[in-house]
Amino acid sequence: NAGVTQTPKFQVLKTGQSMTLQCAQDMNHEYMSWYRQDPGMGLRLIHYSVGAGITDQGEVPNGYNVSRSTTEDFPLRLLSAAPSQTSVYFCASREGVFNEQFFGPGTRLTVL
Amino acid sequence: AQKITQTQPGMFVQEKEAVTLDCTYDTSDQSYGLFWYKQPSSGEMIFLIYQGSYDEQNATEGRYSLNFQKARKSANLVISASQLGDSAMYFCAMRDLDSNYQLIWGAGTKLIIKP
């Protein structure tokens, strides 16, 4: 059981570039989420999904897109990177709405 | 609106002492859940303990226990007999109906255990 995996671990982008952060889980969890973590601010929810084909916005969705075509995968797309998107990004999954979340190892993104 | 407050940005504690990390929350929902996570310097998020609003007993998991005071809307994490490996960031989080059962996170407390 690999749990929640994220790629890449590190990424440097130039302003205006686009990219996709990958997230996959092998626990057959319905619920998946993307967070960003900035210093001193805890985690903020970007987008989440309650099952394949169903996504919704979180607290800070602007500049990001998601899709959920399979139960396993939940990629996060940065449409046109900005320095304000420099952050650590975590993907998480959980079995049900009342269960704890399992986190991936994170992606450290720097936008120059 | 729901809110999680962790008022201690940082704490220093002597090894082997017990430590209490504060967490207060605000919600209008009667059914909610509270979580504590640990984030070591390596960066991963580790689930520690969970308390449901209707749970009659305070949650315990090994050296971790949750001091849940519903009327005061507080859910403090207690670590008994602290160890050097407990040095980390600790986050409190809540989920309720108003948040569509998504987690709302506090800003965290940085705990440093002194030898």
# chains A, B, ... in the order shown; residues from 1 in each chain; ligands from 1
>>> interface_residues(of="chain B", to="chain A", cutoff="9 Å", atoms="only C-alpha atoms", output="PyMOL selection string")
chain B and resi 9+32-33+35+43-47+49-50+52+91+95+101-108
>>> residues_around(residues="Gln17 of chain A", least_positions_apart="5", cutoff="8 Å", atoms="only C-alpha atoms", output="PyMOL selection string")
chain A and resi 79-81
>>> atom_distance(atom1="atom CA of Val4 of chain A", atom2="atom CA of Tyr90 of chain B")
20.6 Å
>>> residues_around(residues="Pro75 of chain A", least_positions_apart="6", cutoff="9 Å", atoms="only C-alpha atoms", output="list in words")
Thr20, Leu21, Gln22, Cys23, Ala24, Trp34, Asn65, Val66, Ser67 and Arg68 of chain A
>>> write_last_selection(atoms="all heavy atoms", output="short mmCIF file (atom, residue, chain, number, x, y, z; two decimals), in the first residue's frame")
data_model
loop_
_atom_site.label_atom_id
_atom_site.label_comp_id
_atom_site.auth_asym_id
_atom_site.auth_seq_id
_atom_site.Cartn_x
_atom_site.Cartn_y
_atom_site.Cartn_z
N THR A 20 0.97 20.72 -13.93
CA THR A 20 0.04 19.86 -13.21
C THR A 20 0.77 19.15 -12.09
O THR A 20 1.81 18.52 -12.33
CB THR A 20 -0.60 18.82 -14.15
OG1 THR A 20 -1.33 19.50 -15.18
CG2 THR A 20 -1.55 17.91 -13.38
N LEU A 21 0.23 19.26 -10.89
CA LEU A 21 0.72 18.48 -9.76
C LEU A 21 -0.10 17.20 -9.70
O LEU A 21 -1.33 17.24 -9.70
CB LEU A 21 0.56 19.25 -8.45
CG LEU A 21 1.16 20.66 -8.37
CD1 LEU A 21 1.01 21.21 -6.97
CD2 LEU A 21 2.60 20.68 -8.82
N GLN A 22 0.62 16.08 -9.64
CA GLN A 22 -0.08 14.80 -9.65
C GLN A 22 -0.32 14.29 -8.23
O GLN A 22 0.49 14.50 -7.33
CB GLN A 22 0.75 13.76 -10.42
CG GLN A 22 1.04 14.11 -11.85
CD GLN A 22 -0.21 14.11 -12.73
OE1 GLN A 22 -1.26 13.56 -12.36
NE2 GLN A 22 -0.10 14.73 -13.90
N CYS A 23 -1.46 13.64 -8.05
CA CYS A 23 -1.79 13.01 -6.77
C CYS A 23 -2.52 11.71 -7.07
O CYS A 23 -3.45 11.68 -7.89
CB CYS A 23 -2.67 13.91 -5.93
SG CYS A 23 -3.27 13.12 -4.42
N ALA A 24 -2.10 10.65 -6.40
CA ALA A 24 -2.76 9.36 -6.56
C ALA A 24 -2.84 8.66 -5.21
O ALA A 24 -1.95 8.81 -4.38
CB ALA A 24 -2.01 8.48 -7.56
N TRP A 34 -7.03 19.01 -2.03
CA TRP A 34 -5.75 19.70 -2.25
C TRP A 34 -5.69 20.90 -1.30
O TRP A 34 -6.64 21.68 -1.20
CB TRP A 34 -5.63 20.22 -3.67
CG TRP A 34 -5.09 19.23 -4.64
CD1 TRP A 34 -5.78 18.51 -5.57
CD2 TRP A 34 -3.72 18.84 -4.78
NE1 TRP A 34 -4.93 17.70 -6.28
CE2 TRP A 34 -3.65 17.89 -5.82
CE3 TRP A 34 -2.53 19.21 -4.14
CZ2 TRP A 34 -2.46 17.30 -6.23
CZ3 TRP A 34 -1.35 18.63 -4.54
CH2 TRP A 34 -1.32 17.68 -5.59
N ASN A 65 -7.16 24.52 -11.21
CA ASN A 65 -8.24 23.66 -11.70
C ASN A 65 -7.99 22.24 -11.26
O ASN A 65 -6.83 21.83 -11.11
CB ASN A 65 -8.29 23.66 -13.23
CG ASN A 65 -9.18 24.76 -13.77
OD1 ASN A 65 -9.81 25.49 -13.03
ND2 ASN A 65 -9.22 24.88 -15.09
N VAL A 66 -9.07 21.48 -11.09
CA VAL A 66 -8.94 20.06 -10.77
C VAL A 66 -9.93 19.28 -11.62
O VAL A 66 -10.90 19.82 -12.15
CB VAL A 66 -9.22 19.76 -9.28
CG1 VAL A 66 -8.13 20.32 -8.38
CG2 VAL A 66 -10.58 20.26 -8.87
N SER A 67 -9.67 17.99 -11.68
CA SER A 67 -10.61 17.05 -12.29
C SER A 67 -10.46 15.73 -11.56
O SER A 67 -9.43 15.48 -10.93
CB SER A 67 -10.35 16.88 -13.78
OG SER A 67 -9.03 16.39 -13.99
N ARG A 68 -11.48 14.89 -11.64
CA ARG A 68 -11.42 13.59 -10.96
C ARG A 68 -12.09 12.57 -11.87
O ARG A 68 -13.28 12.27 -11.77
CB ARG A 68 -12.15 13.66 -9.62
CG ARG A 68 -12.02 12.37 -8.82
CD ARG A 68 -11.02 12.46 -7.74
NE ARG A 68 -10.91 11.23 -6.98
CZ ARG A 68 -11.57 10.99 -5.85
NH1 ARG A 68 -12.40 11.90 -5.37
NH2 ARG A 68 -11.38 9.86 -5.21
#
>>> atom_distance(atom1="atom CA of Asp55 of chain B", atom2="atom CA of Ser80 of chain B")
21.6 Å
>>> atom_distance(atom1="atom CA of Leu84 of chain B", atom2="atom CA of Gln6 of chain B")
21.9 Å
>>> select_by_dssp(residues="chain A", states="strand (DSSP E or B)", output="JSON, numbers by chain")
{"A": [4, 5, 6, 7, 10, 11, 12, 13, 19, 20, 21, 22, 23, 24, 25, 31, 32, 33, 34, 35, 36, 37, 43, 44, 45, 46, 47, 48, 49, 50, 51, 54, 55, 56, 57, 64, 65, 66, 73, 76, 77, 78, 87, 88, 89, 90, 91, 92, 93, 94, 102, 103, 107, 108, 109, 110, 111]}
>>> residues_around(residues="Asp86 of chain B", least_positions_apart="6", cutoff="12 Å", atoms="only C-alpha atoms", output="JSON, numbers by chain")
{"B": [11, 12, 13, 14, 15, 16, 17, 18, 19, 37, 38, 39, 40, 41, 46, 48, 63, 64, 78, 79, 80, 110, 111, 112, 113, 114, 115]}
>>> residues_around(residues="Leu13 of chain A", least_positions_apart="4", cutoff="12 Å", atoms="only C-alpha atoms", output="CSV table (one decimal) with N, CA, C and O atoms, in the first residue's frame")
chain,number,residue,atom,x,y,z
A,17,GLN,N,3.9,30.3,-16.5
A,17,GLN,CA,3.9,28.9,-16.9
A,17,GLN,C,2.8,28.1,-16.3
A,17,GLN,O,2.3,28.5,-15.3
A,18,SER,N,2.4,27.0,-16.9
A,18,SER,CA,1.4,26.2,-16.4
A,18,SER,C,2.0,24.8,-16.0
A,18,SER,O,3.0,24.4,-16.6
A,19,MET,N,1.4,24.1,-15.1
A,19,MET,CA,1.9,22.8,-14.8
A,19,MET,C,0.8,22.0,-14.0
A,19,MET,O,-0.2,22.6,-13.6
A,20,THR,N,1.0,20.7,-13.9
A,20,THR,CA,0.0,19.9,-13.2
A,20,THR,C,0.8,19.1,-12.1
A,20,THR,O,1.8,18.5,-12.3
A,78,LEU,N,-2.1,24.2,-12.3
A,78,LEU,CA,-1.9,25.7,-12.2
A,78,LEU,C,-2.0,26.2,-13.6
A,78,LEU,O,-1.2,25.8,-14.5
A,79,LEU,N,-2.9,27.2,-13.8
A,79,LEU,CA,-3.2,27.6,-15.2
A,79,LEU,C,-2.1,28.6,-15.7
A,79,LEU,O,-1.7,28.5,-16.8
A,80,SER,N,-1.7,29.6,-14.9
A,80,SER,CA,-0.7,30.6,-15.2
A,80,SER,C,0.0,31.0,-13.9
A,80,SER,O,-0.6,31.8,-13.2
A,81,ALA,N,1.1,30.3,-13.7
A,81,ALA,CA,1.7,30.5,-12.3
A,81,ALA,C,2.0,31.9,-12.0
A,81,ALA,O,2.5,32.7,-12.9
A,82,ALA,N,1.8,32.2,-10.7
A,82,ALA,CA,2.2,33.6,-10.2
A,82,ALA,C,3.0,33.4,-8.9
A,82,ALA,O,2.9,32.4,-8.2
A,83,PRO,N,3.9,34.4,-8.6
A,83,PRO,CA,4.7,34.3,-7.4
A,83,PRO,C,3.9,34.0,-6.1
A,83,PRO,O,4.4,33.3,-5.2
A,84,SER,N,2.6,34.5,-6.1
A,84,SER,CA,1.8,34.2,-4.9
A,84,SER,C,1.4,32.8,-4.8
A,84,SER,O,0.9,32.4,-3.7
A,85,GLN,N,1.7,32.0,-5.8
A,85,GLN,CA,1.4,30.5,-5.7
A,85,GLN,C,2.6,29.7,-5.2
A,85,GLN,O,2.5,28.5,-5.1
A,86,THR,N,3.7,30.4,-4.8
A,86,THR,CA,4.8,29.7,-4.2
A,86,THR,C,4.3,29.2,-2.8
A,86,THR,O,3.8,30.0,-2.0
A,87,SER,N,4.4,27.9,-2.6
A,87,SER,CA,3.9,27.3,-1.4
A,87,SER,C,4.2,25.8,-1.4
A,87,SER,O,4.9,25.3,-2.4
A,108,ARG,N,6.9,21.0,-3.1
A,108,ARG,CA,7.3,22.4,-2.8
A,108,ARG,C,7.5,23.1,-4.1
A,108,ARG,O,8.3,22.7,-4.9
A,109,LEU,N,6.6,24.1,-4.3
A,109,LEU,CA,6.6,24.9,-5.6
A,109,LEU,C,7.1,26.3,-5.4
A,109,LEU,O,6.7,27.0,-4.4
A,110,THR,N,8.0,26.7,-6.2
A,110,THR,CA,8.5,28.0,-6.2
A,110,THR,C,8.2,28.6,-7.6
A,110,THR,O,8.5,28.0,-8.6
A,111,VAL,N,7.6,29.8,-7.6
A,111,VAL,CA,7.3,30.5,-8.8
A,111,VAL,C,8.1,31.8,-8.8
A,111,VAL,O,8.0,32.7,-7.9
A,112,LEU,N,9.0,31.9,-9.9
A,112,LEU,CA,9.9,33.1,-9.9
A,112,LEU,C,9.3,34.2,-10.8
A,112,LEU,O,8.5,33.9,-11.7
>>> decode(residues="segment 93-111 of chain A", atoms="N, CA, C and O atoms", output="CSV table (one decimal), in the first residue's frame")
chain,number,residue,atom,x,y,z
A,93,SER,N,-6.4,12.2,1.2
A,93,SER,CA,-7.6,11.4,0.9
A,93,SER,C,-8.1,10.9,2.2
A,93,SER,O,-7.4,10.8,3.2
A,94,ARG,N,-9.4,10.5,2.2
A,94,ARG,CA,-10.0,9.9,3.4
A,94,ARG,C,-11.2,8.9,2.9
A,94,ARG,O,-11.7,9.2,1.8
A,95,GLU,N,-11.4,8.0,3.7
A,95,GLU,CA,-12.4,6.9,3.3
A,95,GLU,C,-13.8,7.5,3.3
A,95,GLU,O,-14.6,7.3,2.4
A,96,GLY,N,-14.1,8.3,4.3
A,96,GLY,CA,-15.5,8.8,4.4
A,96,GLY,C,-15.4,10.2,5.1
A,96,GLY,O,-14.4,10.6,5.6
A,97,VAL,N,-16.5,10.8,5.2
A,97,VAL,CA,-16.6,12.2,5.6
A,97,VAL,C,-16.2,12.3,7.1
A,97,VAL,O,-15.7,13.4,7.5
A,98,PHE,N,-16.3,11.3,7.9
A,98,PHE,CA,-16.0,11.3,9.3
A,98,PHE,C,-14.7,10.7,9.6
A,98,PHE,O,-14.3,10.6,10.8
A,99,ASN,N,-13.9,10.3,8.6
A,99,ASN,CA,-12.6,9.7,8.9
A,99,ASN,C,-11.5,10.7,8.8
A,99,ASN,O,-11.6,11.7,8.2
A,100,GLU,N,-10.3,10.2,9.4
A,100,GLU,CA,-9.1,11.1,9.3
A,100,GLU,C,-8.6,11.1,7.9
A,100,GLU,O,-8.8,10.2,7.1
A,101,GLN,N,-7.9,12.2,7.6
A,101,GLN,CA,-7.3,12.3,6.2
A,101,GLN,C,-5.9,11.8,6.2
A,101,GLN,O,-5.1,11.9,7.2
A,102,PHE,N,-5.5,11.1,5.1
A,102,PHE,CA,-4.1,10.7,4.9
A,102,PHE,C,-3.5,11.6,3.9
A,102,PHE,O,-4.1,11.9,2.9
A,103,PHE,N,-2.3,12.1,4.2
A,103,PHE,CA,-1.6,13.1,3.4
A,103,PHE,C,-0.5,12.5,2.5
A,103,PHE,O,0.2,11.5,3.0
A,104,GLY,N,-0.3,13.1,1.4
A,104,GLY,CA,0.9,12.8,0.6
A,104,GLY,C,2.0,13.6,1.2
A,104,GLY,O,1.9,14.4,2.1
A,105,PRO,N,3.2,13.3,0.6
A,105,PRO,CA,4.4,13.9,1.1
A,105,PRO,C,4.6,15.4,0.8
A,105,PRO,O,5.5,16.1,1.4
A,106,GLY,N,3.8,15.9,-0.1
A,106,GLY,CA,3.8,17.4,-0.4
A,106,GLY,C,4.7,17.7,-1.6
A,106,GLY,O,5.6,16.9,-2.0
A,107,THR,N,4.4,18.8,-2.3
A,107,THR,CA,5.2,19.3,-3.4
A,107,THR,C,5.5,20.7,-3.0
A,107,THR,O,4.7,21.6,-2.8
A,108,ARG,N,6.9,21.0,-3.1
A,108,ARG,CA,7.3,22.4,-2.8
A,108,ARG,C,7.5,23.1,-4.1
A,108,ARG,O,8.3,22.7,-4.9
A,109,LEU,N,6.6,24.1,-4.3
A,109,LEU,CA,6.6,24.9,-5.6
A,109,LEU,C,7.1,26.3,-5.4
A,109,LEU,O,6.7,27.0,-4.4
A,110,THR,N,8.0,26.7,-6.2
A,110,THR,CA,8.5,28.0,-6.2
A,110,THR,C,8.2,28.6,-7.6
A,110,THR,O,8.5,28.0,-8.6
A,111,VAL,N,7.6,29.8,-7.6
A,111,VAL,CA,7.3,30.5,-8.8
A,111,VAL,C,8.1,31.8,-8.8
A,111,VAL,O,8.0,32.7,-7.9
